[in-house]
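Data block for coords-v4.cif (mmCIF, C-alpha atoms):
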data_work
loop_
_atom_site.label_atom_id
_atom_site.label_comp_id
_atom_site.auth_asym_id
_atom_site.auth_seq_id
_atom_site.Cartn_x
_atom_site.Cartn_y
_atom_site.Cartn_z
CA MET B 20 -21.30 -34.31 -5.07
CA ASN B 21 -20.96 -37.32 -2.74
CA SER B 22 -23.43 -40.21 -2.45
CA ALA B 23 -25.10 -38.81 0.65
CA ASP B 24 -25.80 -35.49 -1.11
CA SER B 25 -27.15 -37.37 -4.15
CA GLU B 26 -29.56 -39.32 -1.97
CA ASN B 27 -30.70 -36.12 -0.26
CA SER B 28 -31.26 -34.45 -3.65
CA GLU B 29 -33.33 -37.43 -4.88
CA ILE B 30 -35.46 -37.32 -1.75
CA ILE B 31 -36.07 -33.59 -2.22
CA LEU B 32 -36.91 -33.96 -5.90
CA SER B 33 -39.27 -36.90 -5.39
CA SER B 34 -41.12 -35.80 -2.29
CA ARG B 35 -43.05 -32.79 -1.08
CA GLU B 36 -44.05 -34.13 2.30
CA SER B 37 -44.69 -31.57 4.97
CA VAL B 38 -42.01 -31.66 7.63
CA ALA B 39 -42.88 -28.45 9.40
CA SER B 40 -41.78 -28.62 13.00
CA ASP B 41 -43.87 -27.58 15.94
CA SER B 42 -40.91 -25.55 17.13
CA THR B 43 -41.06 -23.32 14.01
CA SER B 44 -43.08 -20.13 14.37
CA GLY B 45 -43.27 -16.47 13.53
CA TYR B 46 -42.46 -16.65 9.81
CA VAL B 47 -42.23 -13.16 8.27
CA GLU B 48 -41.76 -12.59 4.56
CA LEU B 49 -39.15 -9.89 3.87
CA GLY B 50 -39.28 -9.72 0.09
CA ARG B 51 -39.24 -11.56 -3.23
CA HIS B 52 -36.44 -11.80 -5.77
CA GLY B 53 -37.14 -13.64 -9.01
CA TRP B 54 -38.28 -17.14 -8.17
CA SER B 55 -37.18 -16.97 -4.54
CA ILE B 56 -38.77 -15.63 -1.37
CA LEU B 57 -36.71 -14.12 1.45
CA GLY B 58 -38.02 -14.32 4.99
CA ARG B 59 -37.33 -14.64 8.68
CA VAL B 60 -38.47 -17.46 10.95
CA THR B 61 -38.09 -18.37 14.62
CA ARG B 62 -37.02 -21.90 15.49
CA HIS B 63 -35.81 -23.30 18.82
CA GLY B 64 -35.88 -19.80 20.27
CA MET B 65 -33.56 -18.35 17.59
CA VAL B 66 -34.29 -16.22 14.54
CA TRP B 67 -33.04 -17.50 11.18
CA PHE B 68 -32.94 -16.05 7.68
CA VAL B 69 -34.76 -18.23 5.12
CA LYS B 70 -34.49 -18.38 1.33
CA SER B 71 -37.19 -20.51 -0.29
CA LEU B 72 -38.96 -21.02 -3.62
CA ASP B 73 -42.28 -19.36 -4.30
CA GLU B 74 -45.17 -21.79 -4.75
CA ALA B 75 -45.26 -21.34 -8.54
CA HIS B 76 -41.75 -22.83 -8.81
CA TRP B 77 -41.99 -25.70 -6.31
CA ASP B 78 -42.44 -28.25 -9.11
CA LEU B 79 -39.69 -26.87 -11.39
CA THR B 80 -36.68 -29.15 -11.24
CA GLU B 81 -34.23 -26.45 -12.39
CA CYS B 82 -35.24 -24.08 -9.58
CA ARG B 83 -34.95 -26.88 -7.00
CA LEU B 84 -31.51 -27.83 -8.30
CA ARG B 85 -30.31 -24.20 -8.23
CA LEU B 86 -31.44 -23.78 -4.63
CA ARG B 87 -29.80 -27.06 -3.65
CA LYS B 88 -26.58 -26.11 -5.48
CA GLU B 89 -26.50 -22.77 -3.63
CA TYR B 90 -26.85 -24.59 -0.31
CA GLU B 91 -24.11 -27.12 -1.12
CA ILE B 92 -21.71 -24.34 -2.19
CA MET B 93 -22.38 -22.37 1.02
CA LEU B 94 -21.61 -25.51 3.05
CA ARG B 95 -18.07 -25.44 1.63
CA LEU B 96 -17.44 -22.00 3.14
CA ASN B 97 -16.68 -21.30 6.78
CA HIS B 98 -15.44 -17.73 7.16
CA PRO B 99 -16.62 -14.79 9.32
CA GLY B 100 -16.96 -12.69 6.17
CA ILE B 101 -19.39 -15.08 4.45
CA ALA B 102 -23.02 -15.81 5.36
CA ARG B 103 -23.33 -19.27 6.98
CA ALA B 104 -25.90 -21.82 5.80
CA VAL B 105 -27.27 -24.00 8.64
CA TRP B 106 -29.60 -26.57 7.06
CA PHE B 107 -31.83 -27.34 4.08
CA GLU B 108 -35.34 -28.70 4.32
CA GLU B 109 -38.69 -28.89 2.56
CA SER B 110 -41.90 -28.15 4.42
CA GLY B 111 -45.51 -27.62 3.55
CA LEU B 112 -45.27 -24.01 4.66
CA LEU B 113 -42.09 -22.91 2.91
CA GLY B 114 -41.38 -25.61 0.34
CA PRO B 115 -37.65 -26.16 -0.41
CA ALA B 116 -35.74 -23.68 1.77
CA ILE B 117 -32.23 -22.79 2.98
CA PHE B 118 -31.94 -21.72 6.62
CA MET B 119 -29.08 -19.28 7.25
CA GLU B 120 -27.76 -17.11 10.04
CA LEU B 121 -29.62 -13.82 10.41
CA ILE B 122 -27.32 -10.86 9.74
CA GLU B 123 -28.16 -7.62 11.52
CA GLY B 124 -26.67 -4.77 9.51
CA GLU B 125 -27.03 -2.81 6.29
CA THR B 126 -26.04 -3.32 2.70
CA LEU B 127 -22.75 -1.86 1.48
CA ASP B 128 -24.40 0.79 -0.71
CA ARG B 129 -26.26 2.23 2.30
CA PHE B 130 -23.13 2.00 4.46
CA LEU B 131 -21.10 4.04 1.95
CA LYS B 132 -23.51 6.98 2.09
CA ARG B 133 -22.39 7.94 5.61
CA ALA B 134 -19.13 6.05 6.36
CA PRO B 135 -15.85 7.99 6.81
CA ARG B 136 -12.80 7.02 4.75
CA GLY B 137 -11.23 4.97 7.55
CA ASP B 138 -14.33 2.76 7.85
CA ARG B 139 -14.57 2.44 4.06
CA ARG B 140 -10.94 1.31 3.89
CA GLU B 141 -11.47 -1.24 6.67
CA ALA B 142 -14.60 -2.60 4.99
CA ALA B 143 -12.78 -2.88 1.64
CA LEU B 144 -9.99 -4.97 3.16
CA ARG B 145 -12.52 -7.22 4.93
CA ILE B 146 -14.31 -7.78 1.61
CA LEU B 147 -11.05 -8.72 -0.12
CA GLU B 148 -10.14 -11.12 2.71
CA ALA B 149 -13.53 -12.87 2.52
CA ALA B 150 -13.34 -13.09 -1.29
CA ALA B 151 -9.77 -14.46 -1.08
CA TYR B 152 -10.97 -17.25 1.23
CA MET B 153 -13.92 -17.96 -1.08
CA HIS B 154 -11.58 -18.28 -4.10
CA SER B 155 -9.18 -20.49 -2.16
CA ALA B 156 -12.11 -22.88 -1.60
CA GLY B 157 -12.71 -23.02 -5.37
CA VAL B 158 -15.92 -20.95 -5.28
CA CYS B 159 -16.76 -18.09 -7.67
CA HIS B 160 -19.59 -15.82 -6.53
CA LEU B 161 -20.32 -14.28 -9.98
CA ASP B 162 -22.80 -11.73 -8.57
CA LEU B 163 -20.71 -9.52 -6.30
CA LYS B 164 -22.27 -6.08 -5.87
CA PRO B 165 -22.94 -3.69 -2.95
CA GLY B 166 -26.44 -5.15 -2.51
CA ASN B 167 -24.94 -8.61 -1.84
CA ILE B 168 -22.52 -7.41 0.83
CA MET B 169 -23.73 -6.71 4.37
CA VAL B 170 -21.83 -4.49 6.82
CA CYS B 171 -22.37 -4.61 10.58
CA ARG B 172 -20.60 -3.40 13.69
CA GLN B 173 -18.71 -5.93 15.79
CA GLY B 174 -17.36 -4.32 18.93
CA SER B 175 -15.09 -1.44 17.90
CA GLY B 176 -14.55 -2.80 14.39
CA LEU B 177 -16.49 -3.64 11.25
CA GLN B 178 -17.67 -7.00 9.97
CA VAL B 179 -18.71 -7.67 6.38
CA LYS B 180 -20.76 -10.61 5.11
CA ILE B 181 -20.96 -11.75 1.49
CA ILE B 182 -24.48 -13.09 0.84
CA ASP B 183 -26.63 -14.52 -1.99
CA PHE B 184 -24.76 -17.36 -3.66
CA GLY B 185 -27.62 -18.05 -6.06
CA MET B 186 -25.38 -17.52 -9.13
CA SER B 187 -22.18 -18.91 -7.64
CA ASP B 188 -20.27 -21.82 -9.11
CA HIS B 189 -17.70 -24.38 -8.02
CA ALA B 190 -15.13 -26.20 -10.08
CA GLY B 191 -16.45 -29.54 -8.82
CA SER B 192 -20.06 -28.80 -9.72
CA ALA B 193 -21.37 -30.36 -12.91
CA VAL B 194 -24.87 -28.87 -13.10
CA LEU B 195 -26.31 -25.47 -14.01
CA LYS B 196 -23.09 -23.95 -15.38
CA ALA B 197 -24.79 -21.15 -17.35
CA VAL B 198 -24.06 -17.78 -15.76
CA GLY B 199 -25.11 -14.17 -16.12
CA GLY B 200 -24.77 -11.40 -13.59
CA ASN B 201 -25.32 -7.73 -12.98
CA ARG B 202 -24.41 -5.63 -16.02
CA ARG B 203 -22.97 -2.84 -13.90
CA TYR B 204 -20.67 -5.01 -11.77
CA GLY B 205 -20.27 -8.19 -13.81
CA ALA B 206 -17.14 -8.85 -15.88
CA PRO B 207 -17.60 -8.52 -19.67
CA GLU B 208 -16.84 -12.20 -20.27
CA GLN B 209 -19.68 -13.31 -17.96
CA PHE B 210 -22.22 -12.41 -20.62
CA GLU B 211 -20.54 -14.33 -23.45
CA THR B 212 -22.01 -17.61 -24.65
CA GLY B 213 -20.36 -20.70 -23.17
CA TYR B 214 -18.57 -18.85 -20.36
CA CYS B 215 -17.59 -20.91 -17.28
CA GLY B 216 -17.14 -19.16 -13.97
CA GLU B 217 -13.60 -18.13 -12.93
CA PRO B 218 -12.30 -16.03 -10.01
CA THR B 219 -11.16 -13.33 -12.47
CA ALA B 220 -14.83 -12.42 -12.97
CA ASP B 221 -15.10 -11.72 -9.24
CA VAL B 222 -11.85 -9.72 -9.46
CA TRP B 223 -13.51 -7.40 -11.99
CA SER B 224 -16.57 -7.00 -9.76
CA LEU B 225 -14.39 -6.29 -6.72
CA ALA B 226 -12.47 -3.67 -8.71
CA VAL B 227 -15.69 -1.86 -9.60
CA ILE B 228 -16.83 -1.99 -5.96
CA LEU B 229 -13.46 -0.68 -4.68
CA GLY B 230 -13.63 2.18 -7.16
CA GLU B 231 -17.03 3.22 -5.81
CA MET B 232 -15.88 2.97 -2.18
CA ARG B 233 -13.27 5.77 -2.58
CA CYS B 234 -11.03 4.40 0.16
CA GLY B 235 -7.59 5.81 -0.67
CA LEU B 236 -4.89 5.85 -3.34
CA LEU B 237 -3.50 2.35 -2.65
CA LEU B 238 -6.84 0.55 -3.02
CA LYS B 239 -7.70 2.78 -5.97
CA THR B 240 -4.50 1.57 -7.66
CA VAL B 241 -5.41 -2.05 -6.87
CA ALA B 242 -8.82 -1.47 -8.46
CA ALA B 243 -7.27 0.05 -11.58
CA VAL B 244 -4.90 -2.90 -12.01
CA SER B 245 -7.75 -5.38 -11.50
CA ARG B 246 -10.18 -3.81 -13.96
CA ARG B 247 -8.77 -4.90 -17.30
CA ARG B 248 -10.95 -6.17 -20.09
CA ASN B 249 -8.48 -8.97 -20.80
CA SER B 250 -9.13 -11.40 -17.95
CA ARG B 251 -5.65 -12.94 -18.32
CA ARG B 252 -4.03 -9.62 -17.41
CA ARG B 253 -6.01 -9.21 -14.20
CA PRO B 254 -4.94 -10.60 -10.83
CA GLN B 255 -6.10 -14.21 -10.86
CA ASP B 256 -8.03 -14.00 -7.57
CA ALA B 257 -8.72 -11.77 -4.57
CA ALA B 258 -5.61 -13.06 -2.78
CA ARG B 259 -3.47 -11.51 -5.55
CA MET B 260 -5.29 -8.22 -5.06
CA LEU B 261 -4.37 -8.28 -1.36
CA CYS B 262 -0.76 -9.09 -2.33
CA ILE B 263 -0.59 -6.05 -4.64
CA HIS B 264 -1.98 -3.86 -1.84
CA SER B 265 0.65 -5.18 0.58
CA ARG B 266 3.48 -4.49 -1.91
CA LEU B 267 2.26 -0.95 -2.45
CA ARG B 268 2.22 -0.31 1.31
CA LYS B 269 5.80 -1.58 1.67
CA LEU B 270 6.95 0.54 -1.27
CA CYS B 271 5.40 3.66 0.26
CA ARG B 272 7.16 2.99 3.57
CA ILE B 273 10.55 2.48 1.89
CA THR B 274 10.10 5.64 -0.17
CA ALA B 275 9.24 7.58 2.98
CA VAL B 276 12.35 6.27 4.79
CA VAL B 277 14.63 7.14 1.85
CA SER B 278 13.11 10.62 1.68
CA VAL B 279 13.71 11.17 5.40
CA VAL B 280 17.35 10.02 5.07
CA VAL B 281 17.96 12.37 2.15
CA VAL B 282 16.40 15.30 4.02
CA LEU B 283 18.50 14.57 7.13
CA VAL B 284 21.73 14.40 5.11
CA LEU B 285 20.94 17.71 3.42
CA ALA B 286 20.00 19.31 6.74
CA LEU B 287 23.24 18.15 8.40
CA GLY B 288 25.28 19.46 5.46
CA LEU B 289 23.49 22.81 5.60
CA ALA B 290 24.07 23.05 9.35
CA ALA B 291 27.79 22.30 8.89
CA GLY B 292 28.02 24.97 6.21
CA ARG B 293 26.34 27.58 8.40
CA LYS B 294 28.65 26.75 11.30
CA THR B 295 31.70 27.22 9.10
CA GLN B 296 30.29 30.48 7.74
CA ASP B 297 29.60 31.77 11.26
CA SER B 298 33.20 30.94 12.23
CA GLY B 299 34.45 32.97 9.27
CA VAL B 300 32.35 35.98 10.29
CA GLY B 301 33.75 35.76 13.82
CA LEU B 302 37.31 35.78 12.48
CA ILE B 303 36.59 38.89 10.38
CA GLU B 304 35.28 40.68 13.46
CA LYS B 305 38.41 39.73 15.42
CA ASN B 306 40.67 41.01 12.62
CA ALA B 307 38.73 44.27 12.54
CA VAL B 308 39.26 44.73 16.30
CA ALA B 309 42.94 43.90 15.90
CA GLY B 310 43.26 46.44 13.11
CA SER B 311 41.68 49.18 15.24
CA VAL B 312 44.01 48.34 18.12
CA THR B 313 47.08 48.53 15.82
CA SER B 314 45.95 51.89 14.40
CA ASP B 315 45.45 53.25 17.90
CA THR B 316 48.98 52.11 18.82
CA VAL B 317 50.48 54.01 15.86
CA VAL B 318 48.62 57.23 16.76
CA ARG B 319 49.69 57.06 20.38
CA SER B 320 53.33 56.43 19.36
CA ALA B 321 53.31 59.54 17.15
CA ARG B 322 51.85 61.68 19.89
CA ALA B 323 54.36 60.32 22.40
CA SER B 324 57.33 61.14 20.14
CA GLU B 325 56.09 64.71 19.69
CA GLU B 326 55.64 65.18 23.43
CA ASN B 327 58.82 63.22 24.36
CA LEU B 328 56.70 60.76 26.33
CA PRO B 329 57.54 57.05 26.72
CA VAL B 330 55.52 54.74 24.48
CA LEU B 331 53.62 52.02 26.33
CA PRO B 332 53.64 48.71 24.39
CA VAL B 333 50.17 47.49 23.24
CA THR B 334 49.78 43.81 22.12
CA ALA B 335 47.77 43.38 18.87
CA ALA B 336 44.91 40.89 18.75
CA THR B 337 46.44 39.10 15.77
CA VAL B 338 50.01 38.71 14.50
CA ALA B 339 51.35 38.17 11.04
CA VAL B 340 51.50 34.54 9.95
CA PRO B 341 55.14 33.43 9.92
CA ALA B 342 56.74 31.61 7.06
CA ALA B 343 56.37 28.25 8.86
CA ALA B 344 52.59 28.74 9.06
CA ASP B 345 52.45 29.48 5.33
CA GLN B 346 54.29 26.25 4.59
CA GLU B 347 51.91 24.26 6.83
CA GLU B 348 48.86 25.77 5.10
CA LYS B 349 50.29 24.88 1.72
CA GLU B 350 50.78 21.27 2.80
CA LEU B 351 47.18 21.08 4.06
CA LEU B 352 45.84 22.36 0.75
CA GLU B 353 47.98 19.86 -1.17
CA SER B 354 46.66 17.04 1.04
CA HIS B 355 43.11 18.20 0.37
CA ALA B 356 43.73 18.21 -3.39
CA ALA B 357 45.18 14.69 -3.24
CA ILE B 358 42.16 13.41 -1.25
CA VAL B 359 39.74 14.97 -3.74
CA ALA B 360 41.66 13.44 -6.65
CA SER B 361 41.38 9.97 -5.07
CA LEU B 362 37.67 10.36 -4.19
CA ARG B 363 36.40 11.61 -7.55
CA PRO B 364 36.83 8.34 -9.53
CA GLN B 365 35.41 6.31 -6.64
CA ILE B 366 32.28 8.50 -6.45
CA LEU B 367 31.80 8.45 -10.22
CA ARG B 368 32.10 4.66 -10.27
CA LEU B 369 29.53 4.51 -7.46
CA ALA B 370 27.22 6.79 -9.47
CA ASP B 371 27.50 4.45 -12.47
CA SER B 372 26.66 1.47 -10.23
CA LEU B 373 23.67 3.34 -8.80
CA ARG B 374 22.43 4.11 -12.30
CA VAL B 375 22.65 0.43 -13.27
CA VAL B 376 20.81 -0.70 -10.11
CA ALA B 377 18.12 1.99 -10.44
CA SER B 378 17.33 1.08 -14.06
CA ASP B 379 17.37 -2.72 -13.64
CA PRO B 380 13.78 -3.88 -14.38
CA THR B 381 14.50 -7.45 -13.24
CA VAL B 382 14.84 -6.36 -9.60
CA ALA B 383 11.80 -5.34 -7.54
CA ARG B 384 11.60 -1.59 -6.95
CA ASN B 385 11.62 -1.87 -3.16
CA ARG B 386 14.87 -3.87 -3.31
CA ARG B 387 16.41 -1.31 -5.66
CA SER B 388 15.35 1.50 -3.34
CA ALA B 389 16.99 -0.22 -0.35
CA ALA B 390 20.19 -0.87 -2.33
CA ILE B 391 20.38 2.77 -3.45
CA GLY B 392 19.91 4.02 0.13
CA GLU B 393 22.72 1.76 1.37
CA ALA B 394 25.03 2.88 -1.47
CA VAL B 395 24.46 6.58 -0.72
CA SER B 396 25.22 5.96 2.96
CA ARG B 397 28.43 4.17 2.00
CA MET B 398 29.41 7.12 -0.19
CA ASP B 399 28.95 9.57 2.70
CA MET B 400 30.98 7.30 5.01
CA LEU B 401 33.72 7.00 2.35
CA ILE B 402 34.04 10.80 1.99
CA SER B 403 33.94 11.39 5.74
CA ALA B 404 36.61 8.74 6.39
CA ALA B 405 38.88 10.20 3.68
CA PHE B 406 38.71 13.75 5.05
CA ARG B 407 38.85 12.86 8.77
CA PRO B 408 42.72 12.81 9.07
CA LEU B 409 42.91 16.16 7.28
CA GLN B 410 40.29 17.71 9.58
CA GLN B 411 42.28 16.56 12.62
CA ARG B 412 45.39 18.37 11.30
CA CYS B 413 43.56 21.64 10.53
CA SER B 414 43.12 24.34 13.16
CA GLN B 415 39.81 26.10 13.65
CA THR B 416 41.31 29.32 12.25
CA PHE B 417 42.40 27.56 9.07
CA MET B 418 39.04 25.81 8.66
CA SER B 419 37.17 29.09 9.10
CA ARG B 420 39.04 30.59 6.10
CA ARG B 421 37.85 27.81 3.79
CA GLY B 422 34.48 27.81 2.02
CA PRO B 423 31.33 26.25 3.55
CA GLY B 424 31.45 22.46 3.58
CA TRP B 425 35.21 22.26 2.90
CA ALA B 426 36.64 18.79 3.66
CA THR B 427 33.14 17.33 4.35
CA ILE B 428 30.59 15.37 2.33
CA LEU B 429 29.55 18.77 0.87
CA ASP B 430 33.06 19.74 -0.24
CA PRO B 431 32.84 22.28 -3.14
CA ASP B 432 35.49 20.43 -5.15
CA LEU B 433 33.22 17.34 -5.19
CA ALA B 434 30.07 19.26 -6.16
CA ASP B 435 29.95 17.90 -9.73
CA CYS B 436 30.34 14.29 -8.50
CA ARG B 437 27.63 14.78 -5.90
CA ARG B 438 25.38 16.32 -8.57
CA THR B 439 25.80 13.18 -10.69
CA VAL B 440 24.64 11.00 -7.79
CA THR B 441 21.73 13.37 -7.10
CA ASP B 442 20.61 13.14 -10.73
CA VAL B 443 20.51 9.34 -10.45
CA LEU B 444 18.39 9.56 -7.28
CA ASN B 445 16.01 12.07 -8.87
CA ASP B 446 15.60 9.90 -11.97
CA PHE B 447 14.82 6.87 -9.79
CA VAL B 448 12.29 8.74 -7.62
CA SER B 449 10.52 10.22 -10.65
CA SER B 450 10.38 6.93 -12.59
CA ARG B 451 6.93 5.42 -12.97
CA ASP B 452 7.63 1.70 -12.51
CA THR B 453 5.66 1.80 -9.22
CA LEU B 454 4.12 -1.58 -9.87
CA SER B 455 7.10 -3.73 -10.72
CA ALA B 456 4.98 -6.85 -10.27
CA ALA B 457 2.05 -5.66 -12.43
CA ALA B 458 1.70 -3.58 -15.58
CA SER B 459 -0.02 -0.21 -15.53
CA PRO B 460 -3.83 -0.39 -15.86
CA GLU B 461 -5.52 0.03 -19.20
CA ASP B 462 -7.66 3.07 -19.82
#

Kindly return the structure encoded in the file as structure tokens.
Amino acid sequence: MNSADSENSEIILSSRESVASDSTSGYVELGRHGWSILGRVTRHGMVWFVKSLDEAHWDLTECRLRLRKEYEIMLRLNHPGIARAVWFEESGLLGPAIFMELIEGETLDRFLKRAPRGDRREAALRILEAAAYMHSAGVCHLDLKPGNIMVCRQGSGLQVKIIDFGMSDHAGSAVLKAVGGNRRYGAPEQFETGYCGEPTADVWSLAVILGEMRCGLLLKTVAAVSRRRNSRRRPQDAARMLCIHSRLRKLCRITAVVSVVVVLVLALGLAAGRKTQDSGVGLIEKNAVAGSVTSDTVVRSARASEENLPVLPVTAATVAVPAAADQEEKELLESHAAIVASLRPQILRLADSLRVVASDPTVARNRRSAAIGEAVSRMDMLISAAFRPLQQRCSQTFMSRRGPGWATILDPDLADCRRTVTDVLNDFVSSRDTLSAAASPED
């Protein structure tokens, strides 16, 4: 506390002179909470929210110091998500009082009764942002609960306001360090003797609030990670909670992209296999037509010989494959076998590398996922490049007689190698190290 604040505190503690202004009017009491009175007053044509002491506590030094400490802590904060204190004064009408901005809205617990999931998610992120700013300023609220969070509409979006800093603490404050809190939302350590306020207590309270807001799987996971009885294993402040949420969002996006790539590769391979199969069916139909034409030619020749009629030549749809064609087909099959023999060790080595990358706990999961996706793409390009010269040498008729996927990334002779790579991908996708930066939450 600086010298100016000390002088102001001494003046407040030593004097109860009435300083009510003629421009103050229309005071309305809204309620009482412990030793404080909450009200609304009009001054200079504007309506302000007022927190003052009830008359029975005007002479109690501890109550005066608590109210003054709350005011000084609120002066440190300037954020749209935190209620703003305007001035502090003592008057004959109100006694010691804090004048704050009037917030038109509803408490979080009332808001949650009717809000859709999208609004609940937006409100949750606004609360975390305001708490992160508060912690960055060195302030611990120590009484975060739905009743101390206001929600109001601001244009097409939502605005939250954290209020009631009566139990808050600051690292630079040297008075009134004893704390308590709400048993439902307060961290377990808050109720231990000798506890000094830390942001991890607010992290626990925020985790309980997020759990009650039911605003999606990502924020539910953040809440689970943040609600650990050991305060050292929780995120150290609200900014870390936002960081965990951001990492989870990025991981979900990467997983979605990898899934789409895998589905596209499988779809392209299936389409190539169907095309090859359709070509084979077409060739069978052509051979059947050719066979019927040849049979018809034989019958007509027999009839013509019996009737001494000239035989008209009929060209068959297909001809026998000459010896040169057999030799060419043999060379193509030998080339295919050689390409497969050279690809197999390369693919198996790549599978081993993928397994090492996928199981490396020292690398963040999103980076491993990206590396695996790049490696699988390189494998497909390697296979395609190896088979491309062979495909250029093969005729459509020859290709149609091979099995589906022959000389492609789905080549049957590489099925076992591809299955090894697929097993690595499945093991990585099904692994549960989703939070590489934080351990799984305690039960």

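Taking all atoms listed in the file into account, the polymer residues that have an atom no farther than 10 Å from (-13.6, -7.5, 11.9) are Pro99, Gly100, Glu141, Ala142, Leu144, Arg145, Cys171, Arg172, Gln173, Gly174, Ser175, Gly176, Leu177, Gln178 and Val179 of chain B.
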
(Q) Would you pick out the contacts of Ala275 (chain B) at 12 Å or less, using only C-alpha atoms, so that residues sharing its chain but fewer than 6 positions from it are not included, and give the list as JSON, numbers by chain? (A) {"B": [268, 269, 281, 282, 385, 388, 389, 392, 448]}

Q) Using the chain letters and numbers from the file, which residues does the PyMOL selection byres ((chain B and resi 147) around 9) grab, as a ChimeraX atom specification? A) /B:142-146,148-152,225,257-258,260-261

Q) At what distance in Å, to one decimal, does CA of Thr126 (chain B) lie from CA of Glu108 (chain B)? A) 27.1 Å

I'd like to see the residues matched by the PyMOL selection byres ((chain B and resi 102-104) around 9) on this file, and ideally I'd get them as a PDB file with C-alpha atoms, in the frame of the given file.
ATOM      1  CA  TYR B  90     -26.850 -24.590  -0.310  1.00  0.00           C
ATOM      2  CA  GLU B  91     -24.110 -27.120  -1.120  1.00  0.00           C
ATOM      3  CA  MET B  93     -22.380 -22.370   1.020  1.00  0.00           C
ATOM      4  CA  LEU B  94     -21.610 -25.510   3.050  1.00  0.00           C
ATOM      5  CA  LEU B  96     -17.440 -22.000   3.140  1.00  0.00           C
ATOM      6  CA  ASN B  97     -16.680 -21.300   6.780  1.00  0.00           C
ATOM      7  CA  HIS B  98     -15.440 -17.730   7.160  1.00  0.00           C
ATOM      8  CA  PRO B  99     -16.620 -14.790   9.320  1.00  0.00           C
ATOM      9  CA  GLY B 100     -16.960 -12.690   6.170  1.00  0.00           C
ATOM     10  CA  ILE B 101     -19.390 -15.080   4.450  1.00  0.00           C
ATOM     11  CA  VAL B 105     -27.270 -24.000   8.640  1.00  0.00           C
ATOM     12  CA  TRP B 106     -29.600 -26.570   7.060  1.00  0.00           C
ATOM     13  CA  PHE B 107     -31.830 -27.340   4.080  1.00  0.00           C
ATOM     14  CA  ILE B 117     -32.230 -22.790   2.980  1.00  0.00           C
ATOM     15  CA  PHE B 118     -31.940 -21.720   6.620  1.00  0.00           C
ATOM     16  CA  MET B 119     -29.080 -19.280   7.250  1.00  0.00           C
ATOM     17  CA  GLU B 120     -27.760 -17.110  10.040  1.00  0.00           C
ATOM     18  CA  LEU B 121     -29.620 -13.820  10.410  1.00  0.00           C
ATOM     19  CA  ILE B 122     -27.320 -10.860   9.740  1.00  0.00           C
ATOM     20  CA  LYS B 180     -20.760 -10.610   5.110  1.00  0.00           C
ATOM     21  CA  ILE B 181     -20.960 -11.750   1.490  1.00  0.00           C
ATOM     22  CA  ILE B 182     -24.480 -13.090   0.840  1.00  0.00           C
ATOM     23  CA  ASP B 183     -26.630 -14.520  -1.990  1.00  0.00           C
TER      24      ASP B 183
END

Q. To one decimal place, how far is CA of Glu125 (chain B) from CA of Gly157 (chain B) in Å?
A.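 Here the two named atoms are 27.4 Å from each other.
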
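With only C-alpha atoms as the atoms that count, the minimum distance from Asp430 (chain B) to the choices B:Ala291, B:Leu351, B:Ile391, B:Met232 is reached by B:Ala291.
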
Q) Which distance in Å separates CA of Ile402 (chain B) and CA of Arg387 (chain B), to one decimal? A) 22.7 Å

Q. Any chance you could work out the residue set of the PyMOL selection byres ((chain B and resi 359) around 9) here, as number ranges by chain?
A. B: 354-358, 360-363, 405-406, 426, 430, 432-433

Q: Give me the residues within 10 Å of Leu131 (chain B) as a PyMOL selection string, counting only C-alpha atoms and dropping any in the same chain fewer than 3 places off.
A: chain B and resi 126-128+134-136+138-139+142+165+170+231-233

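Among the candidates B:Ser378, B:Glu217, B:Ser372, B:Leu283, the one nearest to Pro254 (chain B) when counting all atoms listed in the file is B:Glu217.
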
Q | Spatial neighbours of Ala377 (chain B), max dist 12 Å, only C-alpha atoms, sep filter under 6 positions, as number ranges by chain | A | B: 370-371, 383-392, 394, 440, 442-452

Writing C-alpha atoms and nothing else, produce region 204-216 of chain B as an mmCIF file, in the first residue's frame.
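To be explicit, this is the file written out as part.cif:
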data_model
loop_
_atom_site.group_PDB
_atom_site.id
_atom_site.type_symbol
_atom_site.label_atom_id
_atom_site.label_comp_id
_atom_site.auth_asym_id
_atom_site.auth_seq_id
_atom_site.Cartn_x
_atom_site.Cartn_y
_atom_site.Cartn_z
ATOM 1 C CA TYR B 204 -17.019 -24.365 -4.534
ATOM 2 C CA GLY B 205 -13.970 -23.636 -2.377
ATOM 3 C CA ALA B 206 -10.769 -25.676 -2.702
ATOM 4 C CA PRO B 207 -10.087 -28.116 0.171
ATOM 5 C CA GLU B 208 -6.931 -26.276 1.228
ATOM 6 C CA GLN B 209 -8.834 -22.997 1.738
ATOM 7 C CA PHE B 210 -10.290 -24.324 4.973
ATOM 8 C CA GLU B 211 -6.980 -25.436 6.481
ATOM 9 C CA THR B 212 -5.390 -23.412 9.268
ATOM 10 C CA GLY B 213 -2.690 -21.005 8.101
ATOM 11 C CA TYR B 214 -3.619 -21.162 4.409
ATOM 12 C CA CYS B 215 -2.561 -18.194 2.226
ATOM 13 C CA GLY B 216 -4.492 -17.468 -0.935
#
